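Engineer: Please read through the structure below; I'll follow up with questions.
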Amino acid sequence: MDAPLYTPRDTAPGPARSARPRRSGAEVYDRLRTELRSGRISGWDRLAEEPLAERFGVSRTPVREALTRLLSEGTLERRNGGIYLALPSFKELAGLYELRVTLELRGISRVMEDPSARHDRSVLVSALERWRGLERNDPAPSPQFVSEDELFHVALLDAAGDPALTAALVTVNVRIRSVRMYDYLTEDRISATIAEHTSILEHLLQAR
């Protein structure tokens with residue numbers, strides 16, 4: 001975290017605050033959603049209006065609007081007297097993981113069952129170049145690596161040629177990201193993921 005998102009109110013007197021730039025709730029929403037999706041905010045970080053307003057350099061009104069919108073979408077939830085990144089229950093998580101597997105397997109079987117269907121080579125080549133680049137750069141362990149893993153799975157399903165399956169997978173990924181981001185906190189996990197994904201893409205391209 002670059003700055004605390006929840007801090008006690010400072011009641012000590014001090015110099016008057018300078019005027020903050022006017023930003024809309026939509027702008028704050030985009031910035032906050034990006035941070036939530038990047039793994040920089042965990043499910044245990046309480047999101048309060050005043051610290052967020054200080055963090056983004058805005059008034060509390062656009063922050064309130066952004067929080068309300070994220071709550072309505074299910075990205076955030078109210079618990080323990082505050083607002084937090086939504087965490088699925090164990091039962092919900094099991095169902096979402098099962099759905100994720102079902103979607104990805106359907107993308108594979110779709111190509112296998114239809115002789116005229118083929119994976120989109122350009123999508124696979126682009127994904128392989130990205131993962132070979134990650135292999136060369138040796139990224140450090142980070143919750144934010146979950147975004148790279150999601151891009152791989154979405155690209156693989158997208159290459160199978162069914163946009164509806166891809167859109168469904170994107171939705172599932174958003175729901176489980178708050179848990180999956182903790183899969184990538186060790187070097188061996190990062191290296192194993194890169195090796196596995198690169199191997200899968202190479203195999204698919206060679207099989208054509």
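Identifiers in this document derive from the order of the structure tokens: chains are assigned A, B, ..., residues are numbered from 1 separately in each chain, and ligands are numbered from 1 in order of occurrence.
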May I have the residues within 10 Å of region 28-42 of chain A as a PyMOL selection string, using only C-alpha atoms and disregarding those fewer than 5 positions away in the same chain?
Structural biologist: chain A and resi 1-2+5+23+47+52-53+56-58+62-70+75-76+84-87+142-147+174+177-182
Engineer: Would you please give, as a VMD selection string, all residues of chain A that DSSP assigns to strand (DSSP E) based on the backbone?
Structural biologist: chain A and resid 76 to 79 82 to 85
Engineer: Which residue, A:Ala127, A:Val154, A:Leu185, A:Gly161, has the smallest gap to Ser109 (chain A) when you use only C-alpha atoms?
Structural biologist: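 Answer, going by the shortest atom-to-atom distance: A:Gly161.
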Engineer: When you draw a straight line from CA of Asn173 (chain A) to CA of Glu27 (chain A), how long is it in Å?
Structural biologist: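 According to the coordinates, CA of Asn173 (chain A) and CA of Glu27 (chain A) are separated by 23.1 Å.
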Engineer: Which residues are near Ala140 (chain A)? Cut-off 10 Å, only C-alpha atoms, ignore same chain within fewer than 4 positions. Put them as an MDAnalysis selection string.
Structural biologist: chainID A and resid 145 184:187 190:191
Engineer: Got time to write the residues from that selection, N, CA, C and O atoms, as a PDB file, in the first residue's frame?
Structural biologist:
ATOM      1  N   PHE A 145       0.295 -10.004  -9.835  1.00  0.00           N
ATOM      2  CA  PHE A 145       0.556 -10.963 -10.903  1.00  0.00           C
ATOM      3  C   PHE A 145      -0.714 -11.713 -11.302  1.00  0.00           C
ATOM      4  O   PHE A 145      -0.776 -12.296 -12.384  1.00  0.00           O
ATOM      5  N   TYR A 184       0.189 -15.720  -5.618  1.00  0.00           N
ATOM      6  CA  TYR A 184       1.424 -15.331  -6.303  1.00  0.00           C
ATOM      7  C   TYR A 184       2.385 -14.554  -5.398  1.00  0.00           C
ATOM      8  O   TYR A 184       2.909 -13.512  -5.773  1.00  0.00           O
ATOM      9  N   LEU A 185       2.617 -15.101  -4.228  1.00  0.00           N
ATOM     10  CA  LEU A 185       3.467 -14.423  -3.247  1.00  0.00           C
ATOM     11  C   LEU A 185       4.821 -15.089  -3.057  1.00  0.00           C
ATOM     12  O   LEU A 185       5.589 -14.688  -2.180  1.00  0.00           O
ATOM     13  N   THR A 186       5.128 -16.109  -3.874  1.00  0.00           N
ATOM     14  CA  THR A 186       6.428 -16.779  -3.769  1.00  0.00           C
ATOM     15  C   THR A 186       7.060 -16.896  -5.160  1.00  0.00           C
ATOM     16  O   THR A 186       6.351 -16.980  -6.173  1.00  0.00           O
ATOM     17  N   GLU A 187       8.385 -16.930  -5.188  1.00  0.00           N
ATOM     18  CA  GLU A 187       9.101 -16.994  -6.458  1.00  0.00           C
ATOM     19  C   GLU A 187       8.813 -18.290  -7.207  1.00  0.00           C
ATOM     20  O   GLU A 187       8.684 -18.287  -8.434  1.00  0.00           O
ATOM     21  N   ILE A 190       5.494 -18.117  -9.052  1.00  0.00           N
ATOM     22  CA  ILE A 190       5.573 -17.277 -10.246  1.00  0.00           C
ATOM     23  C   ILE A 190       6.272 -18.031 -11.376  1.00  0.00           C
ATOM     24  O   ILE A 190       5.781 -18.088 -12.514  1.00  0.00           O
ATOM     25  N   SER A 191       7.426 -18.627 -11.084  1.00  0.00           N
ATOM     26  CA  SER A 191       8.191 -19.324 -12.124  1.00  0.00           C
ATOM     27  C   SER A 191       7.436 -20.526 -12.662  1.00  0.00           C
ATOM     28  O   SER A 191       7.473 -20.801 -13.872  1.00  0.00           O
TER      29      SER A 191
END
Engineer: Kindly indicate which residue among A:Ala160, A:Ala48, A:Leu93, A:Val170 lies nearest to Arg110 (chain A), using only C-alpha atoms for the distances.
Structural biologist: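 Closest candidate: A:Ala160.
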Engineer: Which residue out of A:Glu50, A:Asp162, A:Leu124, A:Tyr97 has the minimum interatomic distance to Gln206 (chain A) when only C-alpha atoms are used?
Structural biologist: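 The answer is A:Leu124, which sits nearest to Gln206 (chain A).
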Engineer: Between CA of Ala167 (chain A) and CA of Leu103 (chain A), what distance in Å does the model show, to one decimal?
Structural biologist: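 Separating CA of Ala167 (chain A) from CA of Leu103 (chain A) is a distance of 10.1 Å.
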Engineer: Just the residues within 12 Å of Leu105 (chain A), please, counting only C-alpha atoms, with nothing from its chain fewer than 6 positions along; format it as number ranges by chain.
Structural biologist: A: 98-99, 111-113, 153, 156-157, 160, 165-166, 169
Engineer: Write a file of the selected residues as a compact mmCIF listing (two decimals), in the first residue's frame, keeping all heavy atoms.
Structural biologist:
# COMPACT_ATOMS: atom_id res chain seq x y z
N GLU A 98 -15.55 -23.98 -9.88
CA GLU A 98 -16.12 -25.01 -10.74
C GLU A 98 -16.60 -24.42 -12.06
O GLU A 98 -16.38 -25.01 -13.13
CB GLU A 98 -17.27 -25.71 -10.02
CG GLU A 98 -17.87 -26.87 -10.82
CD GLU A 98 -18.93 -27.63 -10.06
OE1 GLU A 98 -19.20 -27.27 -8.90
OE2 GLU A 98 -19.50 -28.58 -10.63
N LEU A 99 -17.23 -23.26 -11.98
CA LEU A 99 -17.69 -22.59 -13.20
C LEU A 99 -16.50 -22.20 -14.07
O LEU A 99 -16.55 -22.33 -15.30
CB LEU A 99 -18.51 -21.36 -12.83
CG LEU A 99 -19.01 -20.49 -13.98
CD1 LEU A 99 -19.83 -21.32 -14.97
CD2 LEU A 99 -19.82 -19.32 -13.45
N VAL A 111 -13.21 -26.72 -29.71
CA VAL A 111 -12.29 -26.85 -30.84
C VAL A 111 -12.09 -28.32 -31.21
O VAL A 111 -11.99 -28.67 -32.40
CB VAL A 111 -10.94 -26.19 -30.51
CG1 VAL A 111 -9.93 -26.41 -31.62
CG2 VAL A 111 -11.13 -24.69 -30.26
N MET A 112 -12.05 -29.20 -30.22
CA MET A 112 -11.83 -30.61 -30.48
C MET A 112 -13.03 -31.26 -31.17
O MET A 112 -12.87 -32.15 -32.01
CB MET A 112 -11.54 -31.35 -29.16
CG MET A 112 -10.25 -30.93 -28.50
SD MET A 112 -10.01 -31.75 -26.89
CE MET A 112 -9.95 -33.48 -27.39
N GLU A 113 -14.23 -30.80 -30.84
CA GLU A 113 -15.45 -31.42 -31.37
C GLU A 113 -15.79 -30.96 -32.79
O GLU A 113 -16.44 -31.69 -33.54
CB GLU A 113 -16.63 -31.11 -30.45
CG GLU A 113 -16.52 -31.76 -29.09
CD GLU A 113 -17.54 -31.21 -28.10
OE1 GLU A 113 -18.33 -30.32 -28.49
OE2 GLU A 113 -17.53 -31.66 -26.95
N HIS A 153 -5.63 -16.87 -19.24
CA HIS A 153 -6.81 -17.72 -19.34
C HIS A 153 -7.88 -17.10 -20.25
O HIS A 153 -8.55 -17.82 -21.00
CB HIS A 153 -7.38 -17.98 -17.94
CG HIS A 153 -6.51 -18.88 -17.11
ND1 HIS A 153 -6.54 -20.24 -17.24
CD2 HIS A 153 -5.58 -18.60 -16.17
CE1 HIS A 153 -5.66 -20.77 -16.39
NE2 HIS A 153 -5.07 -19.80 -15.74
N LEU A 156 -6.67 -17.57 -23.87
CA LEU A 156 -6.82 -18.96 -24.29
C LEU A 156 -8.27 -19.25 -24.69
O LEU A 156 -8.54 -19.90 -25.71
CB LEU A 156 -6.39 -19.89 -23.16
CG LEU A 156 -5.90 -21.29 -23.55
CD1 LEU A 156 -4.68 -21.19 -24.46
CD2 LEU A 156 -5.56 -22.08 -22.29
N LEU A 157 -9.20 -18.77 -23.89
CA LEU A 157 -10.61 -18.99 -24.20
C LEU A 157 -11.05 -18.13 -25.38
O LEU A 157 -11.83 -18.58 -26.23
CB LEU A 157 -11.46 -18.67 -22.96
CG LEU A 157 -12.92 -19.14 -22.98
CD1 LEU A 157 -13.00 -20.64 -23.29
CD2 LEU A 157 -13.58 -18.85 -21.65
N ALA A 160 -10.44 -19.62 -28.69
CA ALA A 160 -11.34 -20.70 -29.09
C ALA A 160 -12.53 -20.17 -29.87
O ALA A 160 -13.28 -20.96 -30.47
CB ALA A 160 -11.82 -21.46 -27.86
N LEU A 165 -18.40 -17.21 -23.94
CA LEU A 165 -17.61 -17.94 -22.94
C LEU A 165 -16.55 -17.02 -22.33
O LEU A 165 -16.32 -17.03 -21.12
CB LEU A 165 -16.94 -19.15 -23.58
CG LEU A 165 -17.82 -20.32 -24.00
CD1 LEU A 165 -16.99 -21.40 -24.69
CD2 LEU A 165 -18.55 -20.91 -22.80
N THR A 166 -15.91 -16.23 -23.18
CA THR A 166 -14.87 -15.32 -22.70
C THR A 166 -15.43 -14.29 -21.74
O THR A 166 -14.85 -14.03 -20.68
CB THR A 166 -14.19 -14.61 -23.89
OG1 THR A 166 -13.69 -15.58 -24.80
CG2 THR A 166 -13.05 -13.73 -23.40
N LEU A 169 -16.08 -15.83 -18.39
CA LEU A 169 -14.85 -16.07 -17.64
C LEU A 169 -14.34 -14.77 -17.00
O LEU A 169 -13.87 -14.78 -15.85
CB LEU A 169 -13.76 -16.66 -18.54
CG LEU A 169 -12.42 -16.95 -17.86
CD1 LEU A 169 -12.59 -17.96 -16.73
CD2 LEU A 169 -11.40 -17.44 -18.88
Engineer: Rounded to one decimal, what separation in Å do you get between CA of Leu96 (chain A) and CA of Arg130 (chain A)?
Structural biologist: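 Going from CA of Leu96 (chain A) over to CA of Arg130 (chain A) covers 26.9 Å.
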